[in-house]
Structures are given as C-alpha cells and as structure tokens.
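Asker: Quick one: the structure is below, and I'll ask about it shortly.
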Amino acid sequence: MLLSAPAGAWMEEILQPSAPVMNAPLVVDEPPAGEVMELTLAEAVAMGLRGNRTIRSAYLQRISQRFDLKVAEEQFDPQFNVQGRYLATQRDDGSEQLGEVSPTVSIEGPLGTNFSLSWTEAVNRNDETGSRHSRGATFEVIQPLLRDAGKDVATAPLRLARLSEQINQLELQSMVSQVVTQIVLTYRELLRAQEQVRIAEEGLARSRQLAVVNEALIAAGRMAEFDILQIQAGMASRELEVEEAINQREARRLELLHLLALDIATPLQASDPLAARQVSLNAEEARHIAKMYQPEYLTQLIVQEQVEIHAAVAHNQRLWDLSLVGGASQLQNRFGSSEHVNDRHWDAYAGVRVEIPIGNAGQRRDEVRARVNVYDQALRLAETEQTLERDIDDAVRSLEAQWRQYQLAQRATEFSHQALELEREKLSAGRSSNFQVLSQETELRNAQHARLNALIAYLNAQTQLDLRLGMTLESWDIALNDD
C-alpha cells in the first residue's frame, strides 16, 4: 500500500496530455442560459483545439510515443539488474539453505562494445558440511568485429526511434491541421446555411410586398383577380424554401457543435462576416513551400531514411559473428564461522569468439526484403512528390479560377437586383406582369445563391491550399505544444 500511492501519483502525473494552443488565445464567454452563442471563426478554431476529441486522443497517444523515445534514448546508459533467490531443501540426511543475490551492471558502447560487471553474494548452510559464504566479482568485455560492429549498426535502434518520433510529430501536425480544416469548412457551411435562410426570408418578404401591390392593382381595377394566384403560389414556394433553409442551418449547427465537443443543445450562430480578399501565389513558390512543410511528403523522406538503415542492418546480420572477448573474475569463500578468507582465487581470460552461419536462408531473405523496401520506397517517394506537385498546381489554378467566378457571380447579383427593382417599378406603372416580376425574382435568388456558393468555394479553396502546403497551423498561428 505504501508503494502503490506514489506509483499512482506518478502515473497521474505522466498521463497529463498537452494540447495545441493559439499563440493569441481567445476567451469565449458562455452566454446566459437561453441566449444564442455568437461565435467567430477564430473562436471556433480555438474551442476546437481545446475540446475536439480526435485532437485530445492524439495527444494522449503522444504520451506513450514520447515514452518509447525515452526508452530508446537509454540504449547507451548503464543498465542495472538485481537477481536473488532463497532455497530451503529438506532431505533424509539433513537440510540445506541457500541464499544468493547478484547485482549486475552492463553498458553498451556506440561501437557495439558490451561491458558487464556483476557481483555475487551467496550463503549456503548445510547440516553435513557446515556453512559457506561466497562472494565474487566478474568483469567482461565483448567487442564485435563484424556482425553488430561499428557505429552505424550499434546506433541503428536509436536512430530509428528518433526518426519514428519525427514521423509521430508530423502525423500529429497533419491530424491537427485536418481537424482545424474540418472545423473551418463546417463553420463556413453554417455561414452558408444562415445566408441561405436570409436569402429565402428576403425572397418571401418581397413576395408579400408584391402581393400587396397586386391587391392594390386589383382594387383599382387594373389587374384581374386571378392574376394574384401566381403571387400566392410564389409565396408558398418561398415559405417552403425558408423551412428547408432553416432545416439545413440546424443540421450544420449540430455538425459544428459535434466537432467542438459542445452540448448539441447549445444555440449557436456563426457571426463572421462573409467576405473575401484575393490571394495570389505562384505555383513554383507554392511547390517549394510544400516540400518544406507538407507533413505527408516529409514523412516519406524520413521513411526512406528508415528503410536504408534497415537494409544496412540486414546486411550486417549476415556477417560472421567475430568478436574479441576478455574478462576477469575473483571469488572468495569463507567456511564455518571464521572471519578470515579461507579460499580466494582470480581468473582472467582473453581471446576470440567466432560464429559462422551456414545455410541460413532466413538472413538472406531479410536482406532481400530490406533491399526491395529501399527500391520500393524510392518509387513511393517519387510518386508522392509528383502527386504533391500536381495537387499544388491544381490548388493554385483552382484558387485563381474561384476568384474569377466569385467576381462574375457578384456582378450578376448586382445586375439581377437592379433588373428586379426595375421590373417592380414597371409593374406598379402597369407596364409589366406578375410573370415577369416572378421570373426576375427567380433570377435574383439564383444569382444570390451562385454568389454565395462562389464566395464559400473561394474561401474553402484558400483553406484547402493551406492544408496542401502544410501551412494551416502557421495561418492560424497555432502552436502544437508537443514538448
């Protein structure tokens, strides 16, 4: 029980994951109960970094991953081990008791050298022969000359562990970037849904205004009564559009709340204004940035280094085990109750140890596999590089095209709005019809939706380009806090 308490406290201290943070932290105040939480995009990202379960799970995994590296870093540290035993034997002619303890320390050198020092303390009590107290020390050195020899082979496990840690860090960066991108895209979908509700409600309001104009024209005898049926049908269609838009808005709200790990009953509203500014980026410059920061591409570079290390180790394992060995030991025995040493002797040795593998196809198989992996990884790296360049070029071209489409959609919306106002004025003067006004109303709503979709598409294209460049965290000024 005394040992379990500090062990439990130590475990609780170890299992405290960190979390990514924005360098300019944002404080989101909880609104009073029943009021709507208005959330900007930056606030949504900050809340996602703190609460998203995928991110929290990844940081929990980083605890064990960092501990794996810590274990590998101790490869060349002294390793201590203590063995002990106590045996009580009962026979017909008497009894015997044996107690033994043997601490050992061993060190592996960066050239493959192995040092070991052990101490043995033993007490044997026998009814026939009396008691014997033995103690001794043994020191041994083994220096491989072929297999397991040299810095490249001896340090291979440590280098592989450090490379694996770099991959883990890149995977964390990629995962956080993808979650942030997902939050941003989902937030904009909520903005789109909110804007669609506004467009539908404005269309319904205009239809009601047109109905009032129709009623006035009918009362003045300038329009037939049945002509208002078109307006009433249009109003019913606008009401349906409002209901559909509200339903879509609620679905997007729930999706964003899920990503932020908030209560799904939270009334949430995206408050960022829908606006865009043009971003210009040269394709060649973008490819250069991606090759410096894109996690997936950098991971393939590290994997290439890993397979080359595995190939070198596999080749080394096929060599003879030729080693220089040397050591010395001292043993002291004391019999009975005498305090003086009754028996002491030294041993020392030096020589060569050799082991020659004959017909071991398994080692040859491992080397063949390792060499195949080297060539295969070269192909994978070339494929990744070409795919990266293609995706970057496509993203840059798409960004420019989306900006042009947004500008055209914006102009079309302005013209459609002017045309509708003109048509409504003509109707009031009796020089147009409900059909013309309703047609122009449909044109305006289509133009507004096209402008909205073009704007969201352009903003999302910027976000996707950041993700492909590996610059999402820099764009949002996010620190992984992965120390």
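Naming works like this for the structure tokens: A, B, ... for the chains as they're shown, residue 1 at the start of each chain, ligands 1 onward in shown order.
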Would you please extract all strand (DSSP E) residues from segment 134-243 of chain A, as assigned by DSSP on the backbone, and give them as a PyMOL selection string?
Answerer: chain A and resi 134-144
Asker: Just write the chosen residues, N, CA and C atoms, as an mmCIF file, in the first residue's frame.
Answerer:
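Result file follows (result13.cif):
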data_model
loop_
_atom_site.group_PDB
_atom_site.id
_atom_site.type_symbol
_atom_site.label_atom_id
_atom_site.label_comp_id
_atom_site.auth_asym_id
_atom_site.auth_seq_id
_atom_site.Cartn_x
_atom_site.Cartn_y
_atom_site.Cartn_z
ATOM 1 N N SER A 134 30.158 -17.151 0.126
ATOM 2 C CA SER A 134 30.917 -16.876 -1.104
ATOM 3 C C SER A 134 30.583 -15.482 -1.616
ATOM 4 N N ARG A 135 31.606 -14.827 -2.122
ATOM 5 C CA ARG A 135 31.396 -13.538 -2.773
ATOM 6 C C ARG A 135 32.421 -13.409 -3.897
ATOM 7 N N GLY A 136 31.991 -12.701 -4.941
ATOM 8 C CA GLY A 136 32.909 -12.576 -6.069
ATOM 9 C C GLY A 136 32.411 -11.543 -7.062
ATOM 10 N N ALA A 137 33.314 -11.096 -7.890
ATOM 11 C CA ALA A 137 33.012 -10.101 -8.926
ATOM 12 C C ALA A 137 33.507 -10.612 -10.261
ATOM 13 N N THR A 138 32.739 -10.301 -11.320
ATOM 14 C CA THR A 138 33.110 -10.717 -12.668
ATOM 15 C C THR A 138 32.977 -9.522 -13.604
ATOM 16 N N PHE A 139 34.028 -9.300 -14.383
ATOM 17 C CA PHE A 139 34.019 -8.209 -15.366
ATOM 18 C C PHE A 139 34.281 -8.805 -16.748
ATOM 19 N N GLU A 140 33.485 -8.380 -17.757
ATOM 20 C CA GLU A 140 33.630 -8.950 -19.094
ATOM 21 C C GLU A 140 33.475 -7.856 -20.142
ATOM 22 N N VAL A 141 34.259 -7.960 -21.206
ATOM 23 C CA VAL A 141 34.205 -7.034 -22.341
ATOM 24 C C VAL A 141 34.086 -7.858 -23.617
ATOM 25 N N ILE A 142 33.151 -7.473 -24.474
ATOM 26 C CA ILE A 142 32.981 -8.125 -25.773
ATOM 27 C C ILE A 142 32.966 -7.038 -26.837
ATOM 28 N N GLN A 143 33.885 -7.138 -27.787
ATOM 29 C CA GLN A 143 33.953 -6.165 -28.886
ATOM 30 C C GLN A 143 33.728 -6.887 -30.210
ATOM 31 N N PRO A 144 32.521 -6.736 -30.804
ATOM 32 C CA PRO A 144 32.286 -7.347 -32.120
ATOM 33 C C PRO A 144 33.184 -6.711 -33.180
#
Asker: Could you give me, as a Markdown table, every segment 306-347 of chain A residue with an atom at most 8 Å from segment 358-370 of chain A, plus its closest atom pair and distance in Å to one decimal, counting only C-alpha atoms, rows ordered by chain then number?
Answerer:
| residue | atom | partner | partner_atom | distance |
| --- | --- | --- | --- | --- |
| A:Val307 | CA | A:Ala370 | CA | 6.8 |
| A:Glu308 | CA | A:Ala370 | CA | 7.9 |
| A:His310 | CA | A:Ala370 | CA | 6.2 |
| A:Ala311 | CA | A:Ala370 | CA | 4.7 |
| A:Ala314 | CA | A:Glu367 | CA | 4.9 |
| A:His315 | CA | A:Glu367 | CA | 5.7 |
| A:Gln317 | CA | A:Gln363 | CA | 7.0 |
| A:Arg318 | CA | A:Gln363 | CA | 6.0 |
Asker: Pull the closest atom pair for each residue of segment 116-186 of chain A that gets at most 10 Å from segment 74-93 of chain A, along with the distance in Å to one decimal, counting only C-alpha atoms, ordering rows by chain and then ascending residue number, as CSV.
Answerer:
residue,atom,partner,partner_atom,distance
A:Ser116,CA,A:Gln79,CA,9.3
A:Leu117,CA,A:Phe80,CA,9.8
A:Ser118,CA,A:Asn81,CA,9.2
A:Trp119,CA,A:Val82,CA,9.6
A:Thr120,CA,A:Gln83,CA,9.4
A:Glu121,CA,A:Gly84,CA,9.3
A:Ala122,CA,A:Gly84,CA,9.4
A:Val123,CA,A:Tyr86,CA,9.5
A:Asn124,CA,A:Leu87,CA,9.5
A:Arg125,CA,A:Ala88,CA,9.6
A:Asn126,CA,A:Thr89,CA,9.5
A:Asp127,CA,A:Asp93,CA,8.4
A:Glu128,CA,A:Asp93,CA,8.3
A:Ala154,CA,A:Gln75,CA,9.6
A:Thr155,CA,A:Gln75,CA,8.6
A:Pro157,CA,A:Gln75,CA,8.3
A:Leu158,CA,A:Gln75,CA,7.1
Asker: Keeping N, CA and C atoms for every residue in the selection just given, could you write it to a file as a CSV table (one decimal), in the first residue's frame?
Answerer:
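Below is the file part.csv, written as the result:
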chain,number,residue,atom,x,y,z
A,116,SER,N,30.2,-5.5,-19.0
A,116,SER,CA,29.3,-6.0,-17.9
A,116,SER,C,30.1,-6.3,-16.6
A,117,LEU,N,29.6,-5.9,-15.5
A,117,LEU,CA,30.2,-6.1,-14.2
A,117,LEU,C,29.1,-6.7,-13.3
A,118,SER,N,29.4,-7.8,-12.7
A,118,SER,CA,28.5,-8.4,-11.8
A,118,SER,C,29.1,-8.8,-10.5
A,119,TRP,N,28.3,-8.8,-9.4
A,119,TRP,CA,28.8,-9.1,-8.1
A,119,TRP,C,27.9,-10.2,-7.5
A,120,THR,N,28.4,-11.2,-6.9
A,120,THR,CA,27.6,-12.3,-6.4
A,120,THR,C,27.9,-12.5,-4.9
A,121,GLU,N,26.9,-12.5,-4.1
A,121,GLU,CA,27.0,-12.8,-2.7
A,121,GLU,C,26.1,-14.0,-2.4
A,122,ALA,N,26.7,-15.1,-1.8
A,122,ALA,CA,25.9,-16.3,-1.6
A,122,ALA,C,26.2,-16.9,-0.2
A,123,VAL,N,25.2,-17.4,0.5
A,123,VAL,CA,25.4,-18.1,1.8
A,123,VAL,C,24.7,-19.4,1.7
A,124,ASN,N,25.5,-20.5,2.0
A,124,ASN,CA,25.0,-21.8,1.9
A,124,ASN,C,25.2,-22.5,3.3
A,125,ARG,N,24.1,-23.0,3.9
A,125,ARG,CA,24.2,-23.7,5.2
A,125,ARG,C,23.7,-25.1,5.0
A,126,ASN,N,24.6,-26.0,5.4
A,126,ASN,CA,24.3,-27.4,5.2
A,126,ASN,C,24.6,-28.2,6.5
A,127,ASP,N,23.7,-29.1,6.9
A,127,ASP,CA,23.8,-29.8,8.1
A,127,ASP,C,25.1,-30.6,8.1
A,128,GLU,N,25.5,-31.1,7.0
A,128,GLU,CA,26.7,-32.0,6.9
A,128,GLU,C,28.0,-31.2,6.8
A,154,ALA,N,25.4,-0.2,-34.4
A,154,ALA,CA,25.2,-0.1,-33.0
A,154,ALA,C,24.1,1.0,-32.6
A,155,THR,N,24.2,2.1,-33.4
A,155,THR,CA,23.3,3.2,-33.1
A,155,THR,C,22.0,3.1,-33.9
A,157,PRO,N,19.2,1.2,-33.7
A,157,PRO,CA,17.9,1.3,-32.9
A,157,PRO,C,17.6,2.7,-32.5
A,158,LEU,N,18.6,3.4,-32.0
A,158,LEU,CA,18.4,4.8,-31.5
A,158,LEU,C,18.0,5.7,-32.6
Asker: Enumerate, as a PDB file with C-alpha atoms, in the first residue's frame, the complete set of residues in segment 137-326 of chain A that a backbone-based DSSP assignment places in helix (DSSP H, G or I).
Answerer:
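What landed in result_2.pdb:
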ATOM      1  CA  LYS A 151      28.696   2.948 -35.058  1.00  0.00           C
ATOM      2  CA  ASP A 152      26.157   2.672 -37.901  1.00  0.00           C
ATOM      3  CA  VAL A 153      24.847  -0.690 -36.704  1.00  0.00           C
ATOM      4  CA  ALA A 154      25.165  -0.096 -32.954  1.00  0.00           C
ATOM      5  CA  ALA A 156      20.625   1.949 -35.588  1.00  0.00           C
ATOM      6  CA  PRO A 157      17.886   1.322 -32.949  1.00  0.00           C
ATOM      7  CA  LEU A 158      18.361   4.802 -31.507  1.00  0.00           C
ATOM      8  CA  ARG A 159      18.343   6.485 -34.909  1.00  0.00           C
ATOM      9  CA  LEU A 160      15.240   4.543 -35.943  1.00  0.00           C
ATOM     10  CA  ALA A 161      13.488   5.576 -32.728  1.00  0.00           C
ATOM     11  CA  ARG A 162      14.330   9.238 -33.337  1.00  0.00           C
ATOM     12  CA  LEU A 163      13.092   9.011 -36.914  1.00  0.00           C
ATOM     13  CA  SER A 164       9.873   7.367 -35.700  1.00  0.00           C
ATOM     14  CA  GLU A 165       9.421  10.237 -33.263  1.00  0.00           C
ATOM     15  CA  GLN A 166       9.788  12.725 -36.125  1.00  0.00           C
ATOM     16  CA  ILE A 167       7.102  10.819 -38.042  1.00  0.00           C
ATOM     17  CA  ASN A 168       4.858  10.879 -34.975  1.00  0.00           C
ATOM     18  CA  GLN A 169       5.288  14.643 -34.718  1.00  0.00           C
ATOM     19  CA  LEU A 170       4.459  15.076 -38.404  1.00  0.00           C
ATOM     20  CA  GLU A 171       1.394  12.849 -38.039  1.00  0.00           C
ATOM     21  CA  LEU A 172       0.241  14.986 -35.112  1.00  0.00           C
ATOM     22  CA  GLN A 173       0.757  18.134 -37.176  1.00  0.00           C
ATOM     23  CA  SER A 174      -1.173  16.617 -40.068  1.00  0.00           C
ATOM     24  CA  MET A 175      -4.017  15.449 -37.820  1.00  0.00           C
ATOM     25  CA  VAL A 176      -4.406  18.817 -36.078  1.00  0.00           C
ATOM     26  CA  SER A 177      -4.292  20.590 -39.450  1.00  0.00           C
ATOM     27  CA  GLN A 178      -7.000  18.315 -40.830  1.00  0.00           C
ATOM     28  CA  VAL A 179      -9.246  18.843 -37.798  1.00  0.00           C
ATOM     29  CA  VAL A 180      -8.768  22.620 -37.983  1.00  0.00           C
ATOM     30  CA  THR A 181      -9.581  22.495 -41.698  1.00  0.00           C
ATOM     31  CA  GLN A 182     -12.694  20.437 -40.967  1.00  0.00           C
ATOM     32  CA  ILE A 183     -13.807  22.956 -38.338  1.00  0.00           C
ATOM     33  CA  VAL A 184     -13.235  25.851 -40.744  1.00  0.00           C
ATOM     34  CA  LEU A 185     -15.158  24.168 -43.564  1.00  0.00           C
ATOM     35  CA  THR A 186     -18.017  23.187 -41.248  1.00  0.00           C
ATOM     36  CA  TYR A 187     -18.188  26.719 -39.844  1.00  0.00           C
ATOM     37  CA  ARG A 188     -18.485  28.078 -43.371  1.00  0.00           C
ATOM     38  CA  GLU A 189     -21.223  25.572 -44.116  1.00  0.00           C
ATOM     39  CA  LEU A 190     -23.101  27.026 -41.154  1.00  0.00           C
ATOM     40  CA  LEU A 191     -22.486  30.505 -42.586  1.00  0.00           C
ATOM     41  CA  ARG A 192     -23.785  29.295 -45.944  1.00  0.00           C
ATOM     42  CA  ALA A 193     -26.909  27.855 -44.319  1.00  0.00           C
ATOM     43  CA  GLN A 194     -27.516  31.058 -42.354  1.00  0.00           C
ATOM     44  CA  GLU A 195     -27.135  33.121 -45.525  1.00  0.00           C
ATOM     45  CA  GLN A 196     -29.499  30.819 -47.382  1.00  0.00           C
ATOM     46  CA  VAL A 197     -32.092  31.398 -44.651  1.00  0.00           C
ATOM     47  CA  ARG A 198     -31.638  35.158 -45.082  1.00  0.00           C
ATOM     48  CA  ILE A 199     -31.977  34.917 -48.882  1.00  0.00           C
ATOM     49  CA  ALA A 200     -35.123  32.790 -48.546  1.00  0.00           C
ATOM     50  CA  GLU A 201     -36.649  35.145 -45.990  1.00  0.00           C
ATOM     51  CA  GLU A 202     -35.873  38.196 -48.154  1.00  0.00           C
ATOM     52  CA  GLY A 203     -37.486  36.426 -51.115  1.00  0.00           C
ATOM     53  CA  LEU A 204     -40.570  35.701 -49.012  1.00  0.00           C
ATOM     54  CA  ALA A 205     -40.725  39.332 -47.870  1.00  0.00           C
ATOM     55  CA  ARG A 206     -40.529  40.545 -51.471  1.00  0.00           C
ATOM     56  CA  SER A 207     -43.308  38.116 -52.440  1.00  0.00           C
ATOM     57  CA  ARG A 208     -45.526  39.507 -49.691  1.00  0.00           C
ATOM     58  CA  GLN A 209     -44.788  43.045 -50.831  1.00  0.00           C
ATOM     59  CA  LEU A 210     -45.675  42.041 -54.375  1.00  0.00           C
ATOM     60  CA  ALA A 211     -48.953  40.558 -53.101  1.00  0.00           C
ATOM     61  CA  VAL A 212     -49.787  43.919 -51.502  1.00  0.00           C
ATOM     62  CA  VAL A 213     -49.076  45.658 -54.823  1.00  0.00           C
ATOM     63  CA  ASN A 214     -51.289  43.131 -56.631  1.00  0.00           C
ATOM     64  CA  GLU A 215     -54.134  43.705 -54.202  1.00  0.00           C
ATOM     65  CA  ALA A 216     -53.869  47.430 -54.773  1.00  0.00           C
ATOM     66  CA  LEU A 217     -53.911  46.974 -58.539  1.00  0.00           C
ATOM     67  CA  ILE A 218     -56.928  44.651 -58.277  1.00  0.00           C
ATOM     68  CA  ALA A 219     -58.737  47.159 -56.103  1.00  0.00           C
ATOM     69  CA  GLU A 225     -58.314  38.899 -59.566  1.00  0.00           C
ATOM     70  CA  PHE A 226     -56.987  35.539 -60.742  1.00  0.00           C
ATOM     71  CA  ASP A 227     -53.583  37.075 -61.536  1.00  0.00           C
ATOM     72  CA  ILE A 228     -52.781  37.140 -57.818  1.00  0.00           C
ATOM     73  CA  LEU A 229     -52.762  33.326 -57.814  1.00  0.00           C
ATOM     74  CA  GLN A 230     -49.258  33.393 -59.281  1.00  0.00           C
ATOM     75  CA  ILE A 231     -48.075  35.519 -56.376  1.00  0.00           C
ATOM     76  CA  GLN A 232     -49.768  33.287 -53.806  1.00  0.00           C
ATOM     77  CA  ALA A 233     -48.146  30.203 -55.359  1.00  0.00           C
ATOM     78  CA  GLY A 234     -44.827  32.017 -55.272  1.00  0.00           C
ATOM     79  CA  MET A 235     -45.312  32.877 -51.593  1.00  0.00           C
ATOM     80  CA  ALA A 236     -45.987  29.227 -50.792  1.00  0.00           C
ATOM     81  CA  SER A 237     -42.783  28.248 -52.606  1.00  0.00           C
ATOM     82  CA  ARG A 238     -40.799  30.898 -50.695  1.00  0.00           C
ATOM     83  CA  GLU A 239     -42.180  29.645 -47.381  1.00  0.00           C
ATOM     84  CA  LEU A 240     -41.068  26.131 -48.321  1.00  0.00           C
ATOM     85  CA  GLU A 241     -37.588  27.441 -49.147  1.00  0.00           C
ATOM     86  CA  VAL A 242     -37.413  29.140 -45.745  1.00  0.00           C
ATOM     87  CA  GLU A 243     -38.315  25.902 -43.961  1.00  0.00           C
ATOM     88  CA  GLU A 244     -35.740  23.908 -45.946  1.00  0.00           C
ATOM     89  CA  ALA A 245     -33.056  26.528 -45.279  1.00  0.00           C
ATOM     90  CA  ILE A 246     -33.787  26.511 -41.538  1.00  0.00           C
ATOM     91  CA  ASN A 247     -33.543  22.724 -41.502  1.00  0.00           C
ATOM     92  CA  GLN A 248     -30.157  22.879 -43.247  1.00  0.00           C
ATOM     93  CA  ARG A 249     -28.969  25.530 -40.797  1.00  0.00           C
ATOM     94  CA  GLU A 250     -29.847  23.325 -37.838  1.00  0.00           C
ATOM     95  CA  ALA A 251     -28.034  20.357 -39.368  1.00  0.00           C
ATOM     96  CA  ARG A 252     -24.880  22.451 -39.881  1.00  0.00           C
ATOM     97  CA  ARG A 253     -25.148  23.803 -36.329  1.00  0.00           C
ATOM     98  CA  LEU A 254     -25.242  20.280 -34.883  1.00  0.00           C
ATOM     99  CA  GLU A 255     -22.281  19.231 -37.002  1.00  0.00           C
ATOM    100  CA  LEU A 256     -20.179  22.151 -35.777  1.00  0.00           C
ATOM    101  CA  LEU A 257     -21.163  21.562 -32.147  1.00  0.00           C
ATOM    102  CA  HIS A 258     -20.080  17.931 -32.508  1.00  0.00           C
ATOM    103  CA  LEU A 259     -16.657  18.958 -33.831  1.00  0.00           C
ATOM    104  CA  ALA A 283       2.783  27.761 -58.410  1.00  0.00           C
ATOM    105  CA  GLU A 284       6.555  27.265 -58.284  1.00  0.00           C
ATOM    106  CA  GLU A 285       6.772  29.097 -54.976  1.00  0.00           C
ATOM    107  CA  ALA A 286       3.880  27.016 -53.645  1.00  0.00           C
ATOM    108  CA  ARG A 287       5.638  23.755 -54.588  1.00  0.00           C
ATOM    109  CA  HIS A 288       8.775  24.930 -52.797  1.00  0.00           C
ATOM    110  CA  ILE A 289       6.801  25.734 -49.636  1.00  0.00           C
ATOM    111  CA  ALA A 290       5.012  22.374 -49.741  1.00  0.00           C
ATOM    112  CA  LYS A 291       8.288  20.439 -49.964  1.00  0.00           C
ATOM    113  CA  MET A 292       9.482  22.227 -46.834  1.00  0.00           C
ATOM    114  CA  TYR A 293       6.349  21.923 -44.683  1.00  0.00           C
ATOM    115  CA  PRO A 295       3.763  16.537 -43.413  1.00  0.00           C
ATOM    116  CA  GLU A 296       2.949  13.654 -45.781  1.00  0.00           C
ATOM    117  CA  TYR A 297       5.861  14.496 -48.089  1.00  0.00           C
ATOM    118  CA  LEU A 298       8.305  14.961 -45.197  1.00  0.00           C
ATOM    119  CA  THR A 299       7.160  11.636 -43.755  1.00  0.00           C
ATOM    120  CA  GLN A 300       8.101   9.847 -46.969  1.00  0.00           C
ATOM    121  CA  LEU A 301      11.593  11.375 -46.781  1.00  0.00           C
ATOM    122  CA  ILE A 302      12.011  10.040 -43.258  1.00  0.00           C
ATOM    123  CA  VAL A 303      10.664   6.609 -44.218  1.00  0.00           C
ATOM    124  CA  GLN A 304      13.273   6.474 -46.979  1.00  0.00           C
ATOM    125  CA  GLU A 305      15.994   7.020 -44.374  1.00  0.00           C
ATOM    126  CA  GLN A 306      14.458   4.325 -42.170  1.00  0.00           C
ATOM    127  CA  VAL A 307      14.422   1.649 -44.870  1.00  0.00           C
ATOM    128  CA  GLU A 308      18.046   2.432 -45.720  1.00  0.00           C
ATOM    129  CA  ILE A 309      19.016   1.864 -42.079  1.00  0.00           C
ATOM    130  CA  HIS A 310      17.067  -1.409 -42.033  1.00  0.00           C
ATOM    131  CA  ALA A 311      18.871  -2.508 -45.202  1.00  0.00           C
ATOM    132  CA  ALA A 312      22.286  -1.759 -43.689  1.00  0.00           C
ATOM    133  CA  VAL A 313      21.437  -3.689 -40.511  1.00  0.00           C
ATOM    134  CA  ALA A 314      20.054  -6.652 -42.500  1.00  0.00           C
ATOM    135  CA  HIS A 315      23.282  -6.843 -44.497  1.00  0.00           C
ATOM    136  CA  ASN A 316      25.367  -6.657 -41.324  1.00  0.00           C
TER     137      ASN A 316
END
Asker: Quick check, in Å to one decimal: how far apart do atom CA of Asn52 of chain A and atom CA of Phe67 of chain A lie?
Answerer: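 Atom-to-atom, atom CA of Asn52 of chain A and atom CA of Phe67 of chain A are spaced 23.8 Å apart.
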Asker: Have a look at atom CA of Arg380 of chain A and atom CA of Gln294 of chain A and let me know their distance in Å, one decimal.
Answerer: 15.6 Å
Asker: Just how far from atom CA of Gly327 of chain A is atom CA of Trp346 of chain A, in Å to one decimal?
Answerer: 10.9 Å
Asker: Between A:Leu422, A:Ala461, A:Leu452, A:Val71, which is the closest to Glu400 of chain A once you count only C-alpha atoms?
Answerer: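 Smallest separation from Glu400 of chain A among the options: A:Ala461.
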Asker: Taking 2 positions as the minimum chain separation for residues in the same chain, which residues sit within 7 Å of Arg451 of chain A when counting only C-alpha atoms? Answer as number ranges by chain.
Answerer: A: 406, 409-410, 413, 447-449, 453-455
Asker: Selected residues, N, CA and C atoms, written as a short mmCIF file (atom, residue, chain, number, x, y, z; two decimals), in the first residue's frame, please.
Answerer:
data_model
loop_
_atom_site.label_atom_id
_atom_site.label_comp_id
_atom_site.auth_asym_id
_atom_site.auth_seq_id
_atom_site.Cartn_x
_atom_site.Cartn_y
_atom_site.Cartn_z
N TYR A 406 -16.17 34.15 -58.49
CA TYR A 406 -16.81 34.97 -57.45
C TYR A 406 -17.07 36.38 -57.96
N ALA A 409 -20.00 36.22 -60.34
CA ALA A 409 -21.25 35.99 -59.61
C ALA A 409 -21.70 37.25 -58.88
N GLN A 410 -20.74 38.01 -58.37
CA GLN A 410 -21.08 39.25 -57.67
C GLN A 410 -21.68 40.27 -58.65
N THR A 413 -25.21 39.22 -59.53
CA THR A 413 -26.17 39.51 -58.46
C THR A 413 -26.58 40.98 -58.48
N ALA A 447 -29.00 34.09 -58.64
CA ALA A 447 -27.75 34.84 -58.65
C ALA A 447 -27.19 34.98 -57.23
N GLN A 448 -28.06 35.20 -56.26
CA GLN A 448 -27.59 35.29 -54.87
C GLN A 448 -26.99 33.98 -54.38
N HIS A 449 -27.65 32.88 -54.71
CA HIS A 449 -27.10 31.57 -54.32
C HIS A 449 -25.79 31.29 -55.04
N ASN A 453 -22.33 30.63 -53.13
CA ASN A 453 -21.57 29.40 -53.36
C ASN A 453 -20.17 29.70 -53.88
N ALA A 454 -20.06 30.71 -54.76
CA ALA A 454 -18.74 31.08 -55.30
C ALA A 454 -17.86 31.66 -54.19
N LEU A 455 -18.45 32.45 -53.30
CA LEU A 455 -17.67 33.03 -52.20
C LEU A 455 -17.19 31.94 -51.25
#
Asker: Could you check which of A:Ser280, A:Gln418, A:Ser102, A:Thr266 is closest to Glu35 of chain A, using only C-alpha atoms?
Answerer: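 Closest residue, counting only C-alpha atoms: A:Thr266.
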Asker: So that I can see what lies close to Val279 of chain A, please list as a list in words the residues with an atom at most 10 Å from it, counting only C-alpha atoms and leaving out residues fewer than 4 positions away in the same chain.
Answerer: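 Near Val279 of chain A, the qualifying residues are Val396, Leu399, Glu400, Trp403, Tyr458 and Gln462 of chain A.
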